[in-house]
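Coordinates as given in model.cif (mmCIF, C-alpha atoms (C1' of nucleotides)):
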data_data
#
loop_
_atom_site.label_atom_id
_atom_site.label_comp_id
_atom_site.auth_asym_id
_atom_site.auth_seq_id
_atom_site.Cartn_x
_atom_site.Cartn_y
_atom_site.Cartn_z
CA MET A 882 0.00 0.00 0.00
CA SER A 883 2.78 2.36 0.82
CA ALA A 884 4.48 1.07 -2.30
CA GLY A 885 1.36 1.93 -4.22
CA ALA A 886 1.36 5.46 -2.93
CA SER A 887 5.02 5.75 -3.78
CA ARG A 888 4.51 4.56 -7.29
CA LYS A 889 1.79 7.12 -7.89
CA SER A 890 3.86 9.84 -6.33
CA ALA A 891 6.93 8.89 -8.32
CA ALA A 892 4.91 9.10 -11.51
CA ARG A 893 3.69 12.57 -10.61
CA HIS A 894 7.17 13.81 -9.88
CA ASP A 895 8.40 12.32 -13.09
CA ARG A 896 5.71 14.17 -14.98
CA VAL A 897 6.74 17.46 -13.37
CA ARG A 898 10.36 16.85 -14.36
CA ARG A 899 9.35 16.19 -17.95
CA GLN A 900 7.24 19.35 -17.97
CA HIS A 901 10.24 21.34 -16.79
CA SER A 902 12.36 20.16 -19.66
CA GLU A 903 9.65 21.27 -22.09
CA GLU A 904 9.20 24.72 -20.61
CA LEU A 905 12.22 26.29 -22.22
CA ALA A 906 11.33 25.15 -25.72
CA GLU A 907 7.77 26.36 -25.33
CA ASP A 908 8.83 29.70 -23.96
CA TYR A 909 11.30 30.27 -26.76
CA VAL A 910 8.93 29.23 -29.49
CA GLU A 911 6.23 31.47 -28.10
CA ALA A 912 8.62 34.41 -27.76
CA ILE A 913 9.82 33.92 -31.34
CA ALA A 914 6.24 33.84 -32.60
CA GLU A 915 5.53 37.13 -30.87
CA LEU A 916 8.66 38.75 -32.21
CA LEU A 917 7.89 37.63 -35.75
CA GLU A 918 4.41 39.03 -35.50
CA LYS A 919 5.55 42.31 -34.01
CA SER A 920 8.63 43.06 -36.05
CA GLY A 921 9.00 40.34 -38.68
CA GLU A 922 12.27 39.24 -37.13
CA ALA A 923 13.39 37.21 -34.15
CA ARG A 924 17.04 37.78 -33.26
CA VAL A 925 19.27 36.44 -30.55
CA LYS A 926 19.48 39.93 -29.15
CA ASP A 927 15.71 40.20 -28.73
CA LEU A 928 15.46 36.87 -26.96
CA GLN A 929 18.35 37.79 -24.71
CA GLY A 930 16.36 40.82 -23.59
CA ILE A 931 13.14 38.90 -23.17
CA PHE A 932 14.58 36.11 -21.05
CA GLY A 933 17.18 38.17 -19.25
CA VAL A 934 20.04 35.76 -19.88
CA SER A 935 23.30 36.04 -21.79
CA HIS A 936 23.32 35.77 -25.57
CA VAL A 937 25.32 32.55 -25.15
CA SER A 938 22.51 30.85 -23.28
CA VAL A 939 20.10 31.96 -25.98
CA ILE A 940 22.25 30.61 -28.79
CA ARG A 941 22.66 27.24 -27.13
CA ALA A 942 18.96 26.94 -26.39
CA LEU A 943 18.14 27.87 -29.98
CA LYS A 944 20.51 25.19 -31.25
CA ARG A 945 18.70 22.48 -29.36
CA ILE A 946 15.31 23.80 -30.35
CA GLU A 947 16.42 23.90 -33.97
CA GLU A 948 17.58 20.29 -33.69
CA ARG A 949 14.10 19.39 -32.53
CA GLY A 950 12.74 20.85 -35.76
CA LEU A 951 10.77 23.66 -34.15
CA ILE A 952 12.65 26.61 -35.64
CA GLN A 953 14.94 27.42 -38.57
CA ARG A 954 17.77 29.88 -38.98
CA GLU A 955 17.39 32.37 -41.77
CA LEU A 956 20.60 33.91 -43.03
CA ARG A 957 21.01 37.35 -41.54
CA LYS A 958 17.40 37.44 -40.47
CA GLY A 959 17.29 35.54 -37.23
CA TYR A 960 14.91 32.66 -36.77
CA THR A 961 11.56 31.55 -38.11
CA LEU A 962 9.17 28.84 -36.99
CA THR A 963 8.66 25.54 -38.74
CA GLU A 964 5.16 24.13 -39.04
CA SER A 965 5.49 22.18 -35.81
CA GLY A 966 7.00 25.26 -34.18
CA LYS A 967 4.02 27.28 -35.29
CA SER A 968 1.55 24.84 -33.84
CA MET A 969 3.45 24.66 -30.58
CA ALA A 970 3.46 28.46 -30.46
CA GLU A 971 -0.27 28.61 -31.09
CA GLU A 972 -1.04 26.07 -28.41
CA SER A 973 1.25 27.82 -25.96
CA ALA A 974 -0.22 31.20 -26.66
CA SER A 975 -3.80 30.09 -26.35
CA ARG A 976 -3.06 28.21 -23.16
CA HIS A 977 -1.25 31.25 -21.80
CA ASN A 978 -4.19 33.50 -22.59
CA LEU A 979 -6.61 31.07 -21.06
CA VAL A 980 -4.64 30.92 -17.83
CA VAL A 981 -4.22 34.69 -17.64
CA ASN A 982 -7.90 35.30 -18.26
CA PHE A 983 -8.84 32.66 -15.76
CA LEU A 984 -6.68 34.23 -13.07
CA LYS A 985 -8.06 37.66 -13.82
CA ALA A 986 -11.59 36.29 -13.59
CA LEU A 987 -10.64 34.87 -10.20
CA GLY A 988 -9.79 38.39 -9.10
CA VAL A 989 -6.03 38.39 -9.56
CA SER A 990 -4.51 41.62 -10.86
CA ALA A 991 -3.41 41.71 -14.47
CA SER A 992 0.28 41.95 -13.76
CA GLN A 993 0.27 39.18 -11.19
CA ALA A 994 -1.86 37.03 -13.45
CA GLU A 995 0.78 37.40 -16.16
CA ALA A 996 3.57 36.54 -13.77
CA ASP A 997 1.88 33.49 -12.25
CA ALA A 998 0.73 32.21 -15.61
CA GLU A 999 4.34 32.18 -16.76
CA GLY A 1000 5.20 29.63 -14.11
CA MET A 1001 2.09 27.49 -13.91
CA GLU A 1002 0.98 27.22 -17.52
CA HIS A 1003 3.40 24.38 -18.24
CA HIS A 1004 1.96 22.18 -15.52
CA LEU A 1005 -1.73 22.03 -16.36
CA SER A 1006 -3.48 18.97 -17.71
CA ARG A 1007 -6.11 19.11 -20.41
CA GLU A 1008 -8.66 18.41 -17.76
CA THR A 1009 -7.70 21.42 -15.66
CA LEU A 1010 -7.47 23.66 -18.71
CA ALA A 1011 -10.96 22.56 -19.71
CA ALA A 1012 -12.23 23.30 -16.22
CA MET A 1013 -10.75 26.79 -16.44
CA LYS A 1014 -12.42 27.32 -19.79
CA ASP A 1015 -15.75 26.18 -18.38
CA PHE A 1016 -15.37 28.53 -15.48
CA LEU A 1017 -14.70 31.43 -17.81
CA SER A 1018 -17.66 30.75 -20.05
CA SER A 1019 -20.05 30.22 -17.16
CA ASN A 1020 -18.95 33.59 -15.80
CA GLU A 1021 -19.65 35.67 -18.85
CA MET B 476 9.16 50.65 -24.78
CA SER B 477 10.21 47.33 -26.15
CA ALA B 478 13.03 47.53 -23.62
CA GLY B 479 10.42 48.09 -20.94
CA ALA B 480 8.50 45.03 -21.99
CA SER B 481 11.70 43.04 -22.07
CA ARG B 482 12.68 44.14 -18.62
CA LYS B 483 9.33 43.04 -17.22
CA SER B 484 9.47 39.79 -19.08
CA ALA B 485 13.03 39.12 -17.98
CA ALA B 486 11.99 39.64 -14.37
CA ARG B 487 9.14 37.16 -14.74
CA HIS B 488 11.39 34.53 -16.24
CA ASP B 489 13.91 35.10 -13.53
CA ARG B 490 11.23 34.55 -10.92
CA VAL B 491 10.22 31.27 -12.54
CA ARG B 492 13.85 30.09 -12.53
CA ARG B 493 14.18 30.93 -8.86
CA GLN B 494 10.95 29.07 -8.12
CA HIS B 495 12.31 26.02 -9.88
CA SER B 496 15.37 25.91 -7.69
CA GLU B 497 13.15 26.03 -4.60
CA GLU B 498 10.84 23.26 -5.72
CA LEU B 499 13.13 20.40 -4.83
CA ALA B 500 13.76 21.60 -1.28
CA GLU B 501 10.06 22.17 -0.70
CA ASP B 502 9.10 18.79 -2.09
CA TYR B 503 11.66 16.99 0.04
CA VAL B 504 10.79 18.83 3.21
CA GLU B 505 7.12 18.14 2.67
CA ALA B 506 7.74 14.47 1.95
CA ILE B 507 9.88 14.14 5.06
CA ALA B 508 7.18 15.75 7.17
CA GLU B 509 4.63 13.25 5.88
CA LEU B 510 6.93 10.31 6.50
CA LEU B 511 7.64 11.45 10.04
CA GLU B 512 3.98 11.81 10.72
CA LYS B 513 3.09 8.46 9.21
CA SER B 514 5.88 6.28 10.48
CA GLY B 515 8.10 8.37 12.73
CA GLU B 516 11.02 7.95 10.36
CA ALA B 517 12.17 9.44 7.09
CA ARG B 518 14.80 7.33 5.36
CA VAL B 519 16.63 7.67 2.08
CA LYS B 520 14.85 4.56 0.89
CA ASP B 521 11.42 6.07 1.46
CA LEU B 522 12.28 9.24 -0.40
CA GLN B 523 13.75 7.24 -3.24
CA GLY B 524 10.41 5.54 -3.63
CA ILE B 525 8.41 8.72 -3.36
CA PHE B 526 10.36 10.68 -5.94
CA GLY B 527 11.20 7.79 -8.19
CA VAL B 528 14.90 8.59 -8.46
CA SER B 529 18.03 6.72 -7.42
CA HIS B 530 19.13 6.74 -3.79
CA VAL B 531 22.18 8.70 -4.89
CA SER B 532 20.08 11.61 -6.10
CA VAL B 533 18.20 11.54 -2.81
CA ILE B 534 21.36 11.60 -0.72
CA ARG B 535 22.83 14.50 -2.63
CA ALA B 536 19.62 16.51 -2.45
CA LEU B 537 19.40 15.84 1.29
CA LYS B 538 22.97 17.07 1.72
CA ARG B 539 22.19 20.41 0.20
CA ILE B 540 18.93 20.71 2.08
CA GLU B 541 20.74 19.90 5.30
CA GLU B 542 23.31 22.61 4.52
CA ARG B 543 20.43 25.05 4.22
CA GLY B 544 19.43 24.18 7.76
CA LEU B 545 16.07 22.66 6.89
CA ILE B 546 16.72 19.10 8.03
CA GLN B 547 19.03 17.15 10.34
CA ARG B 548 20.45 13.65 10.20
CA GLU B 549 19.67 11.43 13.15
CA LEU B 550 22.01 8.54 13.70
CA ARG B 551 20.45 5.37 12.37
CA LYS B 552 17.05 7.02 12.21
CA GLY B 553 17.03 8.96 8.99
CA TYR B 554 16.19 12.63 8.95
CA THR B 555 14.15 15.07 11.01
CA LEU B 556 13.06 18.62 10.36
CA THR B 557 14.55 21.68 11.97
CA GLU B 558 12.28 24.50 13.04
CA SER B 559 12.63 26.28 9.73
CA GLY B 560 12.13 22.96 7.98
CA LYS B 561 8.94 22.45 9.91
CA SER B 562 7.57 25.82 8.98
CA MET B 563 8.47 25.30 5.34
CA ALA B 564 6.72 21.94 5.45
CA GLU B 565 3.62 23.44 6.99
CA GLU B 566 3.44 26.20 4.44
CA SER B 567 3.99 23.76 1.60
CA ALA B 568 1.37 21.38 2.87
CA SER B 569 -1.28 24.00 3.40
CA ARG B 570 -0.58 25.52 0.01
CA HIS B 571 -0.75 22.09 -1.56
CA ASN B 572 -4.08 21.35 0.07
CA LEU B 573 -5.44 24.71 -0.95
CA VAL B 574 -4.49 24.15 -4.56
CA VAL B 575 -5.88 20.62 -4.62
CA ASN B 576 -9.17 21.70 -3.06
CA PHE B 577 -9.39 24.63 -5.41
CA LEU B 578 -8.93 22.43 -8.46
CA LYS B 579 -11.48 19.96 -7.18
CA ALA B 580 -13.94 22.78 -6.59
CA LEU B 581 -13.34 23.82 -10.19
CA GLY B 582 -14.48 20.38 -11.26
CA VAL B 583 -11.15 18.64 -11.75
CA SER B 584 -10.99 14.99 -10.70
CA ALA B 585 -9.20 14.20 -7.47
CA SER B 586 -6.30 12.36 -9.06
CA GLN B 587 -5.70 14.97 -11.72
CA ALA B 588 -5.98 17.72 -9.12
CA GLU B 589 -3.21 16.04 -7.15
CA ALA B 590 -1.02 15.69 -10.19
CA ASP B 591 -1.48 19.26 -11.43
CA ALA B 592 -1.05 20.73 -7.97
CA GLU B 593 2.35 19.06 -7.77
CA GLY B 594 3.57 21.09 -10.69
CA MET B 595 1.82 24.41 -10.25
CA GLU B 596 1.91 24.93 -6.49
CA HIS B 597 5.44 26.31 -6.59
CA HIS B 598 4.52 29.08 -8.99
CA LEU B 599 1.64 30.83 -7.27
CA SER B 600 1.86 34.26 -5.71
CA ARG B 601 0.25 35.15 -2.42
CA GLU B 602 -2.30 37.10 -4.39
CA THR B 603 -3.36 34.13 -6.48
CA LEU B 604 -3.43 31.83 -3.46
CA ALA B 605 -5.65 34.34 -1.68
CA ALA B 606 -7.95 34.46 -4.70
CA MET B 607 -8.20 30.67 -4.64
CA LYS B 608 -9.04 30.74 -0.97
CA ASP B 609 -11.75 33.35 -1.55
CA PHE B 610 -13.18 31.26 -4.32
CA LEU B 611 -13.34 28.25 -2.05
CA SER B 612 -15.02 30.05 0.81
CA SER B 613 -17.56 31.75 -1.44
CA ASN B 614 -18.45 28.35 -2.83
CA GLU B 615 -19.22 26.60 0.43
"C1'" DT C 1466 37.95 52.08 -48.73
"C1'" DC C 1467 38.82 50.98 -44.16
"C1'" DC C 1468 37.76 50.63 -39.59
"C1'" DT C 1469 35.07 50.30 -35.80
"C1'" DC C 1470 31.27 48.44 -33.30
"C1'" DA C 1471 27.29 45.72 -32.47
"C1'" DA C 1472 25.63 41.13 -33.11
"C1'" DT C 1473 26.59 36.52 -33.19
"C1'" DG C 1474 29.37 32.37 -32.38
"C1'" DT C 1475 32.86 29.33 -29.70
"C1'" DA C 1476 35.51 27.57 -25.65
"C1'" DG C 1477 35.30 26.39 -21.39
"C1'" DC C 1478 33.86 26.81 -16.57
"C1'" DC C 1479 30.08 26.31 -12.63
"C1'" DC C 1480 26.10 24.18 -10.36
"C1'" DC C 1481 22.32 21.07 -10.30
"C1'" DG C 1482 19.74 16.83 -11.03
"C1'" DG C 1483 19.76 12.63 -13.43
"C1'" DC C 1484 22.53 8.06 -13.62
"C1'" DT C 1485 25.71 3.45 -12.87
"C1'" DA C 1486 29.20 1.09 -10.51
"C1'" DC C 1487 31.66 0.28 -6.56
"C1'" DA C 1488 32.40 0.55 -1.21
"C1'" DT C 1489 30.91 0.24 3.40
"C1'" DA C 1490 27.93 -0.46 7.30
"C1'" DA C 1491 23.94 -2.55 9.67
"C1'" DA C 1492 20.75 -6.04 10.18
"C1'" DG C 1493 19.04 -10.63 9.59
"C1'" DT C 1494 19.60 -15.53 9.37
"C1'" DG C 1495 21.80 -20.06 8.80
"C1'" DC D 1301 29.99 -16.62 14.27
"C1'" DA D 1302 29.87 -16.11 9.39
"C1'" DC D 1303 27.28 -14.93 5.40
"C1'" DT D 1304 24.04 -12.61 2.78
"C1'" DT D 1305 21.03 -8.89 2.05
"C1'" DT D 1306 19.62 -4.22 2.52
"C1'" DA D 1307 20.59 0.53 3.31
"C1'" DT D 1308 23.53 4.15 2.83
"C1'" DG D 1309 27.60 6.52 1.05
"C1'" DT D 1310 31.29 7.79 -2.64
"C1'" DA D 1311 33.30 8.43 -7.37
"C1'" DG D 1312 32.56 9.90 -11.51
"C1'" DC D 1313 29.89 10.56 -15.88
"C1'" DC D 1314 26.04 13.05 -18.68
"C1'" DG D 1315 23.09 16.86 -20.06
"C1'" DG D 1316 20.96 21.33 -19.26
"C1'" DG D 1317 21.08 26.12 -18.12
"C1'" DG D 1318 23.80 29.79 -16.02
"C1'" DC D 1319 28.16 32.55 -16.88
"C1'" DT D 1320 32.74 35.17 -18.76
"C1'" DA D 1321 36.25 35.76 -22.07
"C1'" DC D 1322 37.71 35.60 -26.60
"C1'" DA D 1323 36.84 35.19 -31.96
"C1'" DT D 1324 34.41 36.32 -36.01
"C1'" DT D 1325 31.54 38.68 -38.98
"C1'" DG D 1326 28.72 42.13 -41.24
"C1'" DA D 1327 27.01 46.97 -41.62
"C1'" DG D 1328 27.57 51.67 -41.36
"C1'" DG D 1329 30.31 55.89 -40.46
"C1'" DA D 1330 34.88 58.53 -41.05
#

As structure tokens, what does this structure read like?
Amino acid sequence: MSAGASRKSAARHDRVRRQHSEELAEDYVEAIAELLEKSGEARVKDLQGIFGVSHVSVIRALKRIEERGLIQRELRKGYTLTESGKSMAEESASRHNLVVNFLKALGVSASQAEADAEGMEHHLSRETLAAMKDFLSSNE
Amino acid sequence: MSAGASRKSAARHDRVRRQHSEELAEDYVEAIAELLEKSGEARVKDLQGIFGVSHVSVIRALKRIEERGLIQRELRKGYTLTESGKSMAEESASRHNLVVNFLKALGVSASQAEADAEGMEHHLSRETLAAMKDFLSSNE
DNA sequence: TCCTCAATGTAGCCCCGGCTACATAAAGTG
DNA sequence: CACTTTATGTAGCCGGGGCTACATTGAGGA
């Protein structure tokens, strides 16, 4: 019985660890999508500013994300999204908006809703996201 | 203006990174508290089962957590919590319960609520936690 | 044209959280 | 008492994300 509880718990922790390793890719892809929309270009420099890390960290992250087929380098024009990158960006963005709107509907201030969404959005199951959506539509 | 947005965004990402580095300590301290309550002992072996990692990872994590003054080794009896460890455990546990109850009140199944809480609980501001509490009490 | 400077890339280090393989200590059991 | 098993500890590797310092490159001004 205690072994059963442990097994369940271990699985949950494992899920959280996997979510963490996905966060960075999702954040980058989403940031690149926004940059492309806003200015037509997504450069290392921009991402460095957005994430508040050194350009080296950005470059290395972009390399791995490129290897995963989510983005492509364009000569002298920064990065663009592949098809799978685009769909990841769309999913991320809509999930982000859902979470922010949900928190605001709960009574959380806009700026705090943004901040909290950044951390929690990568850890929500479909079921919880659906429940948030239901809550929003039943509150209109 | 874009620099302003970047600065805000950088601060949010920085906060998320700091939260990540706290997660492990909080999870361990909470798990140890539960073990102590349940069986009077918290051993490496137990934690290994709970987190689903090797005993080596457990030992190393415990070392760092001990250096932070949150736990103490007892000869032949595993680990106990210091005062600050106890208060961290209490805060973690009550926050965890709040989040789980909130998700259940939203309509999420018990098991999924547990799983999602595990990931998101480390990323919620006081303001959001308060909003969740309000939601719960206005729904009784 | 040339030269400087900003942007990007590379080398190499740190810490953390995984891991396996090996070493020791404690507890059971014949 | 000796032997095996179980728990804990140590050594050392990997990958990811942080960094600084140095190298390259491309664009624009003197």

Report as a tab-separated table (two decimals) with C-alpha atoms (C1' of nucleotides), in the frame of the given file all protein, DNA and RNA residues lying within 10 Å of B:Val528, evaluated on all atoms listed in the file, omitting residues in the same chain fewer than 2 positions from it.
chain	number	residue	atom	x	y	z
A	891	ALA	CA	6.93	8.89	-8.32
A	894	HIS	CA	7.17	13.81	-9.88
A	895	ASP	CA	8.40	12.32	-13.09
B	522	LEU	CA	12.28	9.24	-0.40
B	523	GLN	CA	13.75	7.24	-3.24
B	524	GLY	CA	10.41	5.54	-3.63
B	525	ILE	CA	8.41	8.72	-3.36
B	526	PHE	CA	10.36	10.68	-5.94
B	530	HIS	CA	19.13	6.74	-3.79
B	531	VAL	CA	22.18	8.70	-4.89
B	532	SER	CA	20.08	11.61	-6.10
B	533	VAL	CA	18.20	11.54	-2.81
C	1482	DG	C1'	19.74	16.83	-11.03
C	1483	DG	C1'	19.76	12.63	-13.43
C	1484	DC	C1'	22.53	8.06	-13.62

Pull out every residue of chain A that has at least one atom within 12 Å of chain D, counting all atoms listed in the file, and report them as a PyMOL selection string. chain A and resi 901-903+905+933-942+945+956-957

What does the structure give for the distance between atom CA of B:Glu566 and atom CA of B:Val519, in Å to one decimal?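 Pair atom CA of B:Glu566 / atom CA of B:Val519 returns 22.9 Å.
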
Using 9 Å as the limit and counting all atoms listed in the file, can you tabulate each residue of chain A that touches chain B, with its shortest atom-to-atom distance in Å and the two atoms involved, as JSON lines?
{"residue": "A:Ala884", "atom": "CA", "partner": "B:Gly524", "partner_atom": "CA", "distance": 7.5}
{"residue": "A:Ala886", "atom": "CA", "partner": "B:Ile525", "partner_atom": "CA", "distance": 7.8}
{"residue": "A:Ser887", "atom": "CA", "partner": "B:Ile525", "partner_atom": "CA", "distance": 4.5}
{"residue": "A:Arg888", "atom": "CA", "partner": "B:Ile525", "partner_atom": "CA", "distance": 6.9}
{"residue": "A:Lys889", "atom": "CA", "partner": "B:Ile525", "partner_atom": "CA", "distance": 8.2}
{"residue": "A:Ser890", "atom": "CA", "partner": "B:Ile525", "partner_atom": "CA", "distance": 5.5}
{"residue": "A:Ala891", "atom": "CA", "partner": "B:Gly527", "partner_atom": "CA", "distance": 4.4}
{"residue": "A:Ala892", "atom": "CA", "partner": "B:Gly527", "partner_atom": "CA", "distance": 7.2}
{"residue": "A:Arg893", "atom": "CA", "partner": "B:Ala590", "partner_atom": "CA", "distance": 5.7}
{"residue": "A:His894", "atom": "CA", "partner": "B:Phe526", "partner_atom": "CA", "distance": 6.0}
{"residue": "A:Asp895", "atom": "CA", "partner": "B:Gly527", "partner_atom": "CA", "distance": 7.2}
{"residue": "A:Arg896", "atom": "CA", "partner": "B:Ala590", "partner_atom": "CA", "distance": 8.4}
{"residue": "A:Val897", "atom": "CA", "partner": "B:Gly594", "partner_atom": "CA", "distance": 5.5}
{"residue": "A:Arg898", "atom": "CA", "partner": "B:Gly594", "partner_atom": "CA", "distance": 8.8}
{"residue": "A:Gln900", "atom": "CA", "partner": "B:Gly594", "partner_atom": "CA", "distance": 8.3}
{"residue": "A:His901", "atom": "CA", "partner": "B:His495", "partner_atom": "CA", "distance": 8.6}
{"residue": "A:Asp927", "atom": "CA", "partner": "B:Ser481", "partner_atom": "CA", "distance": 8.3}
{"residue": "A:Leu928", "atom": "CA", "partner": "B:Ser481", "partner_atom": "CA", "distance": 8.7}
{"residue": "A:Gln929", "atom": "CA", "partner": "B:Ala485", "partner_atom": "CA", "distance": 8.7}
{"residue": "A:Gly930", "atom": "CA", "partner": "B:Ser481", "partner_atom": "CA", "distance": 5.4}
{"residue": "A:Ile931", "atom": "CA", "partner": "B:Ser481", "partner_atom": "CA", "distance": 4.5}
{"residue": "A:Phe932", "atom": "CA", "partner": "B:Ala485", "partner_atom": "CA", "distance": 4.6}
{"residue": "A:Gly933", "atom": "CA", "partner": "B:Ala485", "partner_atom": "CA", "distance": 4.4}
{"residue": "A:Val934", "atom": "CA", "partner": "B:Ala485", "partner_atom": "CA", "distance": 8.0}
{"residue": "A:Leu984", "atom": "CA", "partner": "B:Thr603", "partner_atom": "CA", "distance": 7.4}
{"residue": "A:Leu987", "atom": "CA", "partner": "B:Ala606", "partner_atom": "CA", "distance": 6.1}
{"residue": "A:Gly988", "atom": "CA", "partner": "B:Ala606", "partner_atom": "CA", "distance": 6.2}
{"residue": "A:Val989", "atom": "CA", "partner": "B:Thr603", "partner_atom": "CA", "distance": 5.9}
{"residue": "A:Ser990", "atom": "CA", "partner": "B:Glu602", "partner_atom": "CA", "distance": 8.2}
{"residue": "A:Gln993", "atom": "CA", "partner": "B:Ser600", "partner_atom": "CA", "distance": 7.5}
{"residue": "A:Ala994", "atom": "CA", "partner": "B:Thr603", "partner_atom": "CA", "distance": 7.7}
{"residue": "A:Glu995", "atom": "CA", "partner": "B:Arg487", "partner_atom": "CA", "distance": 8.5}
{"residue": "A:Ala996", "atom": "CA", "partner": "B:Arg487", "partner_atom": "CA", "distance": 5.7}
{"residue": "A:Asp997", "atom": "CA", "partner": "B:Leu599", "partner_atom": "CA", "distance": 5.7}
{"residue": "A:Ala998", "atom": "CA", "partner": "B:His598", "partner_atom": "CA", "distance": 8.2}
{"residue": "A:Glu999", "atom": "CA", "partner": "B:Arg487", "partner_atom": "CA", "distance": 7.2}
{"residue": "A:Gly1000", "atom": "CA", "partner": "B:His598", "partner_atom": "CA", "distance": 5.2}
{"residue": "A:Met1001", "atom": "CA", "partner": "B:Met595", "partner_atom": "CA", "distance": 4.8}
{"residue": "A:Glu1002", "atom": "CA", "partner": "B:Met595", "partner_atom": "CA", "distance": 7.8}
{"residue": "A:His1003", "atom": "CA", "partner": "B:Met595", "partner_atom": "CA", "distance": 8.1}
{"residue": "A:His1004", "atom": "CA", "partner": "B:Gly594", "partner_atom": "CA", "distance": 5.2}
{"residue": "A:Leu1005", "atom": "CA", "partner": "B:Asp591", "partner_atom": "CA", "distance": 5.7}
{"residue": "A:Ser1006", "atom": "CA", "partner": "B:Asp591", "partner_atom": "CA", "distance": 6.6}
{"residue": "A:Glu1008", "atom": "CA", "partner": "B:Val583", "partner_atom": "CA", "distance": 6.5}
{"residue": "A:Thr1009", "atom": "CA", "partner": "B:Val583", "partner_atom": "CA", "distance": 5.9}
{"residue": "A:Ala1011", "atom": "CA", "partner": "B:Val583", "partner_atom": "CA", "distance": 8.9}
{"residue": "A:Ala1012", "atom": "CA", "partner": "B:Leu581", "partner_atom": "CA", "distance": 6.2}
{"residue": "A:Met1013", "atom": "CA", "partner": "B:Leu581", "partner_atom": "CA", "distance": 7.4}
{"residue": "A:Asp1015", "atom": "CA", "partner": "B:Leu581", "partner_atom": "CA", "distance": 8.9}
{"residue": "A:Phe1016", "atom": "CA", "partner": "B:Leu581", "partner_atom": "CA", "distance": 7.4}

With the cut-off set at 10 Å and counting only C-alpha atoms (C1' of nucleotides), tabulate each residue of chain C with an atom at most that distance from an atom of chain A, showing the nearest atom pair and its distance in Å to one decimal, ordered by chain and increasing number, as JSON lines.
{"residue": "C:DA1472", "atom": "C1'", "partner": "A:Lys926", "partner_atom": "CA", "distance": 7.4}
{"residue": "C:DT1473", "atom": "C1'", "partner": "A:Val925", "partner_atom": "CA", "distance": 7.8}
{"residue": "C:DG1474", "atom": "C1'", "partner": "A:Ile940", "partner_atom": "CA", "distance": 8.2}
{"residue": "C:DT1475", "atom": "C1'", "partner": "A:Val937", "partner_atom": "CA", "distance": 9.4}
{"residue": "C:DG1482", "atom": "C1'", "partner": "A:Arg898", "partner_atom": "CA", "distance": 10.0}
